[in-house]
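Structure record follows, encoded as structure tokens.
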Amino acid sequence: MGHCHQSNLPCDRWCSQHGCMYQTPGMCHTNCVAHTLNLIVKKALAENTDLSEIRLQCRSIVGYFKSSMTAKTRLTQVQEQMKPTEPVLKLIQEVETRWNSTFHMLRRMYNLREAVGAALAGLNTDITPLTSHQLRLISESLQVLSPFNDATVELSEERKASGSKVIPLLAMLHHTLEDDMGAIQMEESKAMAECLKKQLRAEGQALQPPSHEHLVTGNTAGSQVQEDRLL
């Protein structure tokens, strides 16, 4: 088994467990790490019933504006009236295979919430705008998911990530979730954050040998010390 020289991480074993086809001693291919993050977030999204319903409604709204020239034109006009000095934005449809497309869809929908609501009000359609409660859940979900989007973007800019970078990445995500918990009020958002934390701990523990099992647990003082050293 090849080990990462800088931190003695069993990346070959981890990549094999996750079906990575690009194994290099001392390196974790970014496709493998990004794929793992994709699975982690998709699982958390799928287990959140309320957010799943919101995603379905968002897909319907996006589909309507993309398929109807009248609706598309109306949304453009509303944006130009509301914010004449800012560029006109288009809604984004999520793609099943990429979790961060869900993030982009929700973020764009939230940013255009007023324009979308005003446009729908003036159109002859059964499509309903999102409620204030749904928009609040989207806002908190974006806060929870934002670090994962940043990590996904960072990984997409690299071909390979050294093994010494993988555990710090997981630890950073776990630590950020811990820090954000105080600002999260809705039970649905809290449940998603807890699901993400649980999966991050499991992946972190799978990556490291027994002598380092506390690195990504978030439960001990030693964890914070090791996380600070790695970061």
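If you're wondering about the labels, chains in the structure tokens are A, B, ... by order shown, residues count from 1 in each chain, ligands from 1 in order shown.
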
### Message
What parts of region 35-163 of chain A does DSSP call strand (DSSP E or B)? I'd like the answer as number ranges by chain.
### Response
A: 95, 98, 160-162

### Message
Set the distance at 7 Å and use only C-alpha atoms: which residues neighbour region 66-75 of chain A once local chain neighbours fewer than 6 positions away are removed? I'd like the list as a count of residues only.
### Response
3

Mind running region 95-167 of chain A against region 84-88 of chain A at 12 Å and telling me each contacting residue's nearest atom pair with the distance in Å (one decimal), counting only C-alpha atoms, chain and number ascending, as CSV?
```
residue,atom,partner,partner_atom,distance
A:Arg108,CA,A:Val88,CA,11.7
A:Asn111,CA,A:Val88,CA,11.7
A:Leu112,CA,A:Val88,CA,9.9
A:Ala115,CA,A:Val88,CA,10.5
```

Output N, CA, C and O atoms for every residue in the selection just made, as a compact mmCIF listing (two decimals), in the first residue's frame.
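Final output, saved to selection.txt:
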```txt
# COMPACT_ATOMS: atom_id res chain seq x y z
N ARG A 108 -29.21 31.35 -7.04
CA ARG A 108 -29.75 32.27 -8.03
C ARG A 108 -31.23 32.54 -7.79
O ARG A 108 -31.71 33.67 -7.93
N ASN A 111 -31.44 34.98 -4.90
CA ASN A 111 -31.04 36.33 -5.30
C ASN A 111 -32.07 37.01 -6.19
O ASN A 111 -32.20 38.25 -6.18
N LEU A 112 -32.82 36.21 -6.95
CA LEU A 112 -33.84 36.77 -7.84
C LEU A 112 -35.26 36.61 -7.28
O LEU A 112 -36.24 36.72 -8.01
N ALA A 115 -37.72 39.47 -8.04
CA ALA A 115 -38.02 39.58 -9.47
C ALA A 115 -38.87 38.40 -9.94
O ALA A 115 -39.82 38.58 -10.73
```

### Task
Between CA of Ser101 (chain A) and CA of Leu123 (chain A), measure the distance and give it in Å to one decimal.
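Distance reported for this atom pair: 26.9 Å.
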
### Message
Between A:Ile184, A:Leu155, A:Ile92, A:Ile167, which residue has the minimum interatomic distance to Leu200 (chain A), considering only C-alpha atoms?
### Response
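Of the candidates, the smallest distance to Leu200 (chain A) is held by A:Ile167.
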
### Query
For Val41 (chain A), which of A:Met186, A:Leu196, A:Ala151, A:Cys58 is the closest residue, counting only C-alpha atoms?
A:Leu196

### Task
For CA of Pro147 (chain A) and CA of Ala44 (chain A), determine how far apart the two atoms are, in Å to one decimal place.
14.3 Å

### Message
Quick one: residues within 9 Å of Met105 (chain A), only C-alpha atoms, excluding same-chain residues fewer than 4 positions away - as a count of residues only?
### Response
12

### Message
At a cut-off of 12 Å, using only C-alpha atoms, what residues contact Glu140 (chain A)? Leave out same-chain residues fewer than 5 positions from it and give the result as a PyMOL selection string.
### Response
chain A and resi 51+103+106-107+110+133-135+145-146+177+180-193
